[in-house]
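Notes to accompany the following structure.
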Amino acid sequence: MSQVSVQDTVLTGIPGEPRLIGGKCPDCDNHVFPMQKDCPKCTGDQIEKVELSTKGILWTWTIQGFPPKAPPYIGETDPENFEAYGVGYVELPGEVKVEARLTENDPTRLRVGMEMELTVVPLAIDEEGNEVVTFAFRPTENN
Amino acid sequence: MHDVAIVGIGMHEFGRHDGVSGMDQGVVAVRRALADAGTQWEDLEFAFGGSKDAGSPDTMVSRLGLTGLQFINVHNGCATGGSALISSYNAIRSGTFEIGIALGFDKHERGAFRVRTRGDNLEWYGESGMALTTQFFGMKINRYMHDYGITQNTLAKVSTKAFRNGALNPMAWRRKPFSEEEVLESTMLSYPLTQYMFCSPGEGGVALVLVRADKAKEYTDSPVYLKSCVVKSRRFGSFEVFSPHLANEFSEGPTVDASKAAFEMAGIGPEEIDIAQLQDTESGAEVMHMAENGFCEHGEQESMIQNGETEIDGKFPVNTDGGCLANGEPIGASGLRQVYENVLQLRGDAGERQVPGDPCTAYTHVYGAPGISGVTILSR
Ligand SMILES: [Zn+2]
C-alpha cells in the first residue's frame, strides 16, 4: 500500500521524507503556514514558499477525546474504534508555531517544552487503496 | 454625541425547543422587549438583527409589521449579537435615530460546531482532525495552567458555580446543579477539559430596545445606560481559534484590546465594576477572561475562585445567570443574553440570583471565532 499526503501543497515528501510547506516574507521575515501570498504582519503580498524546519518545541497541547464530525474529518469516527489523539502547537525556532497532530495521546507523556520532530500519521484509505496521511509531531529521543 | 439607554429587554428561553424555529424565538424576544419598554414595533426606527444558522433576521418584519424601518442583518462570528448591539448604539449615539432594537437569535445542530473549511484551501485542516473549537480551548487553558498555576479543581469550581446559578435562572437551559466530582469525572473531551466544563451550541433569542438617553424616562423609571460598547478583531501574534499557525512572537488578544478601549470610553476602571458576564465557552475561558479583561492579575484567579469571590454573594460575581455553560451558546443571541442579565441585575429584578448590595455597574464580554471580542459597560 502506498502513502499519499492529505494535501501535497501543505505536506510534501510523502512517502519517506515529510516536509511542511510554509512561506517566508522577504520584507519582514515573518513565516506563515500553510503558504499564502499575503503577510499578516507587514501587510505585504510577496511571501515566498519555503520548507519549514522538521524540529521544534511543544508549545501547548490537548488530547482530542471524541470523534470529530465527518465531514470534514476523514479519519476514524466510529466511537467503537475511535482512539483519542494528541493535537498541539509546535514552535519551530526562528519560524512559526504550527498546529499538528501528535503521535502521543497520553497526557502523562506530554509536557510543554518537549523536543518534537516531524512525522506522519495515517488518516484513511482512499478510493485507489492508498493510505492517506497527515503530518504529526512525535517526541524526540532527547526527552 | 448622544448617550444611549436600554429601556426594554426581552428573551426567549435558552435551551432546546423542538418545533420552534430560531426565528420564532427571535420574534418572541422582540415582543417581550417591546412589552417591557411599553412601546410598539411601529415606533421603532431601526433594527439590527443577528443570527448565524437560523435565517435572515430582517425577514421577521413580515411577522412583526411591515413598517418600513431600517433593518440590517449582522453576521460577525461569535460577536454577532455584540455587533448588532454596537451598531444600534452607534446609530443612536450619532444622532441618526432616537429609538431602535438590537436582537439576536439562533438554533444550531447538536454537538460541537462543525467547521466548514471548504473553499478556503483548508480542507486538509478539518480532514486531518484539527479545526475544532474544543481543541483550541483545551490548548489555551493547558498552556495557561502551565504558566500560571491554575488547577483542574478550579476549572471544576467554575462549572459548578455556573450550574448552580443556572438553577436559579428560569431562562437557563441547564438547571441542575452538579458536584465537582461529577464535573471532573464526566467524559474528557479535550484535555484538561471535561464534558461538563464545556457549553454546547443551543437555541434562544434576546432583544434590547435602545433609546437616546434623554428620552429614556418616557419609557421606564429604571433605564440602564450603555457607557461603552466595543468590538475588536485580533492583532498579529495573538493566539486564536482556528489557526493552522501562530506567530512565534506574542501579542495580547482582542479581549485585552476591547476591554481597554471599553474602560477608556466609560471613563472608569475594572475596580469600579460590580458584576461581570464573561465568555465561558468552557470553564477555563472564564478563568482566563477574568485576567484578560483586567479584573485580576494572571494567576490570581486560582485563589479568587477557590475563595468563592466570583459567586453571586462574593466580592466580584461572574456569570450570575449561569453563563454559556448553563445557557448554551446560540451565537446570534449569546452576547445579548449577557446584557439582558446585567440589565436585570442593575434594575434589582434578578430574583433568586440577585446580586446583593444594589450593583451600579456591570460588564459583558464575548469572545469567539475567528478571534473577535466584544465588550460593554453598563451603569444605572
Ligand atoms: Zn511581511
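Each chain in the C-alpha cells gets a letter, A, B and so on, in the order shown; residues start at 1 in every chain, and ligands are counted from 1 in the order they appear.
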
What residues have any atom no more than 7 Å from ligand 1 when counting only C-alpha atoms and all ligand atoms, and can you list them as a VMD selection string?
-> chain A and resid 25 to 30 39 to 44

Quick one: residues within 10 Å of Glu182 of chain B, only C-alpha atoms counted, chain neighbours fewer than 4 positions away excluded, as a PyMOL selection string?
-> chain B and resi 156+160+177-178+186-187+194-196

Contacts between chain A and chain B, please, where a residue of chain B counts if it comes within 9 Å (with only C-alpha atoms); show its shortest atom pair and distance in Å to one decimal, rows by chain and ascending number, as a tab-separated table.
```
residue	atom	partner	partner_atom	distance
B:Gly111	CA	A:Lys69	CA	8.7
B:Ala112	CA	A:Lys69	CA	8.1
B:Phe113	CA	A:Lys69	CA	8.7
B:Arg114	CA	A:Lys69	CA	6.5
B:Val115	CA	A:Pro72	CA	7.4
B:Arg116	CA	A:Pro72	CA	7.2
B:Thr117	CA	A:Pro72	CA	7.8
B:Arg118	CA	A:Pro72	CA	8.6
B:Leu122	CA	A:Pro34	CA	8.7
B:Glu123	CA	A:Pro72	CA	7.3
B:Trp124	CA	A:Val6	CA	6.0
B:Tyr125	CA	A:Pro72	CA	8.5
B:Gly126	CA	A:Pro72	CA	5.1
B:Glu127	CA	A:Tyr73	CA	4.0
B:Ser128	CA	A:Thr134	CA	6.1
B:Gly129	CA	A:Tyr73	CA	5.4
B:Met130	CA	A:Val87	CA	7.5
B:Leu132	CA	A:Pro68	CA	7.7
B:Thr134	CA	A:Gln64	CA	8.4
B:Gln135	CA	A:Thr62	CA	6.5
B:Phe136	CA	A:Thr62	CA	8.4
B:Phe137	CA	A:Thr62	CA	8.9
B:Gly138	CA	A:Thr62	CA	5.6
B:Met139	CA	A:Trp61	CA	5.0
B:Lys140	CA	A:Thr60	CA	7.4
B:Asn142	CA	A:Thr60	CA	6.7
B:Arg143	CA	A:Thr60	CA	5.4
B:His146	CA	A:Val112	CA	7.7
B:Thr187	CA	A:Gly65	CA	8.1
B:Met188	CA	A:Gly65	CA	6.1
B:Leu189	CA	A:Gly65	CA	4.6
B:Ser190	CA	A:Gln64	CA	5.1
B:Tyr191	CA	A:Thr62	CA	5.1
B:Pro192	CA	A:Thr62	CA	7.2
B:Arg235	CA	A:Lys41	CA	8.8
B:Phe236	CA	A:Lys41	CA	5.9
B:Gly237	CA	A:Lys41	CA	8.4
B:Ser243	CA	A:Glu99	CA	7.4
B:Pro244	CA	A:Glu99	CA	5.2
B:His245	CA	A:Val98	CA	4.4
B:Leu246	CA	A:Lys97	CA	5.0
B:Ala247	CA	A:Val96	CA	5.2
B:Asn248	CA	A:Val96	CA	5.2
B:Glu249	CA	A:Val96	CA	8.6
```

Nearby residues (only C-alpha atoms) at most 6 Å from segment 305-322 of chain B, same-chain spacing under 5 positions excluded, as a list in words = Ala162, Phe163, Asn165, Gly166, Ile275, Ala276, Gln277 and Val355 of chain B

Rounded to one decimal place, report the atom CA of His108 of chain B-atom CA of Asp53 of chain B distance in Å.
->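 For atom CA of His108 of chain B relative to atom CA of Asp53 of chain B, the distance reads 6.2 Å.
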
Can you check which residues of segment 18-192 of chain B DSSP gives as alpha helix (DSSP H) on the backbone and send them as JSON, numbers by chain?
-> {"B": [22, 23, 24, 25, 26, 27, 28, 29, 30, 31, 32, 33, 34, 35, 36, 37, 61, 62, 63, 64, 80, 81, 82, 83, 84, 85, 86, 87, 88, 89, 90, 91, 92, 93, 123, 124, 125, 126, 127, 133, 134, 135, 136, 137, 138, 139, 140, 141, 142, 143, 144, 145, 146, 147, 148, 152, 153, 154, 155, 156, 157, 158, 159, 160, 161, 162, 163, 164, 165, 166, 167, 180, 181, 182, 183, 184, 185]}

Non-local contacts of Gly348 of chain B (12 Å; only C-alpha atoms; under 3 positions in same chain excluded) as JSON, numbers by chain = {"B": [222, 223, 224, 341, 342, 343, 344, 345, 351, 352, 353, 354, 355, 356, 357, 358, 359, 360, 380]}

Output N, CA and C atoms of each residue in that selection to a file, as an mmCIF file, in the first residue's frame.
```
data_model
loop_
_atom_site.group_PDB
_atom_site.id
_atom_site.type_symbol
_atom_site.label_atom_id
_atom_site.label_comp_id
_atom_site.auth_asym_id
_atom_site.auth_seq_id
_atom_site.Cartn_x
_atom_site.Cartn_y
_atom_site.Cartn_z
ATOM 1 N N SER B 222 -36.443 52.952 35.328
ATOM 2 C CA SER B 222 -35.124 52.390 35.648
ATOM 3 C C SER B 222 -34.316 52.116 34.380
ATOM 4 N N PRO B 223 -33.968 53.183 33.668
ATOM 5 C CA PRO B 223 -33.141 52.971 32.475
ATOM 6 C C PRO B 223 -31.740 52.508 32.868
ATOM 7 N N VAL B 224 -31.140 51.760 31.977
ATOM 8 C CA VAL B 224 -29.748 51.350 32.176
ATOM 9 C C VAL B 224 -28.957 51.932 31.015
ATOM 10 N N GLU B 341 -28.974 39.989 31.223
ATOM 11 C CA GLU B 341 -28.747 39.652 32.628
ATOM 12 C C GLU B 341 -28.273 40.869 33.420
ATOM 13 N N ASN B 342 -27.373 41.636 32.829
ATOM 14 C CA ASN B 342 -26.858 42.802 33.555
ATOM 15 C C ASN B 342 -27.949 43.851 33.773
ATOM 16 N N VAL B 343 -28.833 44.019 32.801
ATOM 17 C CA VAL B 343 -29.931 44.975 32.987
ATOM 18 C C VAL B 343 -30.823 44.518 34.144
ATOM 19 N N LEU B 344 -31.146 43.208 34.165
ATOM 20 C CA LEU B 344 -31.948 42.691 35.288
ATOM 21 C C LEU B 344 -31.262 42.955 36.624
ATOM 22 N N GLN B 345 -29.973 42.674 36.668
ATOM 23 C CA GLN B 345 -29.220 42.860 37.929
ATOM 24 C C GLN B 345 -29.190 44.332 38.344
ATOM 25 N N GLY B 351 -34.299 38.431 40.816
ATOM 26 C CA GLY B 351 -34.949 37.376 41.610
ATOM 27 C C GLY B 351 -33.985 36.654 42.533
ATOM 28 N N GLU B 352 -34.091 35.315 42.518
ATOM 29 C CA GLU B 352 -33.292 34.492 43.431
ATOM 30 C C GLU B 352 -31.794 34.656 43.238
ATOM 31 N N ARG B 353 -31.392 35.094 42.052
ATOM 32 C CA ARG B 353 -29.957 35.209 41.808
ATOM 33 C C ARG B 353 -29.507 36.679 41.844
ATOM 34 N N GLN B 354 -30.332 37.552 42.421
ATOM 35 C CA GLN B 354 -29.964 38.962 42.527
ATOM 36 C C GLN B 354 -28.681 39.140 43.343
ATOM 37 N N VAL B 355 -27.738 39.864 42.740
ATOM 38 C CA VAL B 355 -26.510 40.201 43.462
ATOM 39 C C VAL B 355 -26.854 41.224 44.537
ATOM 40 N N PRO B 356 -26.453 40.971 45.790
ATOM 41 C CA PRO B 356 -26.790 41.903 46.865
ATOM 42 C C PRO B 356 -26.011 43.220 46.754
ATOM 43 N N GLY B 357 -26.483 44.240 47.448
ATOM 44 C CA GLY B 357 -25.737 45.494 47.539
ATOM 45 C C GLY B 357 -26.024 46.489 46.433
ATOM 46 N N ASP B 358 -27.163 46.350 45.750
ATOM 47 C CA ASP B 358 -27.556 47.299 44.695
ATOM 48 C C ASP B 358 -26.430 47.620 43.709
ATOM 49 N N PRO B 359 -26.027 46.646 42.903
ATOM 50 C CA PRO B 359 -24.939 46.903 41.954
ATOM 51 C C PRO B 359 -25.257 48.086 41.023
ATOM 52 N N CYS B 360 -24.242 48.884 40.735
ATOM 53 C CA CYS B 360 -24.411 50.082 39.895
ATOM 54 C C CYS B 360 -23.810 49.927 38.508
ATOM 55 N N ARG B 380 -26.321 52.162 35.991
ATOM 56 C CA ARG B 380 -27.661 52.656 36.293
ATOM 57 C C ARG B 380 -27.696 54.160 36.087
#
```

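The list of residues with at least one atom within 8 Å of Ser53 of chain A, based on only C-alpha atoms and without residues fewer than 2 positions apart in the same chain, reads Arg19, Leu20, Glu51, Lys55, Gly56, Leu92 and Glu95 of chain A.
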
Of the residues A:Asp78, A:Asp38, A:Glu48, A:Glu117, which is the one nearest to Gly23 of chain A, using only C-alpha atoms?
-> A:Glu48

Expressed in Å, the length from atom CA of Asn169 of chain B to atom CA of Gly26 of chain B is 19.4 Å

Quick one, how far is atom CA of Thr119 of chain A from atom CA of Pro79 of chain A?
->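 So the answer is 25.5 Å.
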
Tell me which protein, DNA and RNA residues are within 7 Å of Glu329 of chain B, counting only C-alpha atoms, leaving out same-chain ones fewer than 3 positions away, and put them as JSON, numbers by chain.
-> {"B": [199, 200, 201, 202, 324, 334]}

Output N, CA, C and O atoms for every residue in the selection just made, as a PDB file, in the first residue's frame.
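Once written, out-v6.pdb looks like this:
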```
ATOM      1  N   CYS B 199     -19.630  24.462  27.300  1.00  0.00           N
ATOM      2  CA  CYS B 199     -21.002  24.797  26.918  1.00  0.00           C
ATOM      3  C   CYS B 199     -21.316  24.098  25.601  1.00  0.00           C
ATOM      4  O   CYS B 199     -20.428  23.592  24.927  1.00  0.00           O
ATOM      5  N   SER B 200     -22.590  24.067  25.237  1.00  0.00           N
ATOM      6  CA  SER B 200     -22.996  23.458  23.971  1.00  0.00           C
ATOM      7  C   SER B 200     -23.670  24.504  23.109  1.00  0.00           C
ATOM      8  O   SER B 200     -24.320  25.413  23.631  1.00  0.00           O
ATOM      9  N   PRO B 201     -23.560  24.352  21.782  1.00  0.00           N
ATOM     10  CA  PRO B 201     -24.377  25.184  20.907  1.00  0.00           C
ATOM     11  C   PRO B 201     -25.844  24.967  21.275  1.00  0.00           C
ATOM     12  O   PRO B 201     -26.238  23.840  21.562  1.00  0.00           O
ATOM     13  N   GLY B 202     -26.639  25.996  21.318  1.00  0.00           N
ATOM     14  CA  GLY B 202     -28.033  25.826  21.737  1.00  0.00           C
ATOM     15  C   GLY B 202     -28.972  26.705  20.948  1.00  0.00           C
ATOM     16  O   GLY B 202     -28.723  27.018  19.786  1.00  0.00           O
ATOM     17  N   CYS B 324     -22.578  30.889  29.554  1.00  0.00           N
ATOM     18  CA  CYS B 324     -22.773  29.979  28.418  1.00  0.00           C
ATOM     19  C   CYS B 324     -22.868  28.537  28.910  1.00  0.00           C
ATOM     20  O   CYS B 324     -23.552  27.710  28.306  1.00  0.00           O
ATOM     21  N   SER B 334     -26.104  35.150  22.132  1.00  0.00           N
ATOM     22  CA  SER B 334     -25.313  34.919  23.338  1.00  0.00           C
ATOM     23  C   SER B 334     -24.794  36.211  23.982  1.00  0.00           C
ATOM     24  O   SER B 334     -24.919  36.396  25.193  1.00  0.00           O
TER      25      SER B 334
END
```

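Excluding Val339 of chain B itself and same-chain residues fewer than 2 positions from it, the residues having an atom within 10 Å of it are Ile6, Ile9, Gly82, Leu85, Val206, Ala207, Leu208, Leu226, Ala276, Gln277, Ser334, Gly335, Leu336, Arg337, Glu341, Asn342, Val343, Leu344, Gln345, Ala362, Tyr363, Thr364, His365, Val375, Thr376, Ile377 and Leu378 of chain B, counting only C-alpha atoms.
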
Tell me, which residues of segment 188-364 of chain B carry DSSP strand (DSSP E), written as number ranges by chain?
-> B: 188-190, 193-194, 203-212, 224-233, 245-247, 275-278, 361-364

Pick from B:Ser233, B:Ala369, B:Gly284, B:Pro270, whichever lies nearest to Cys296 of chain B using only C-alpha atoms =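 Result for the nearest residue to Cys296 of chain B: B:Pro270.
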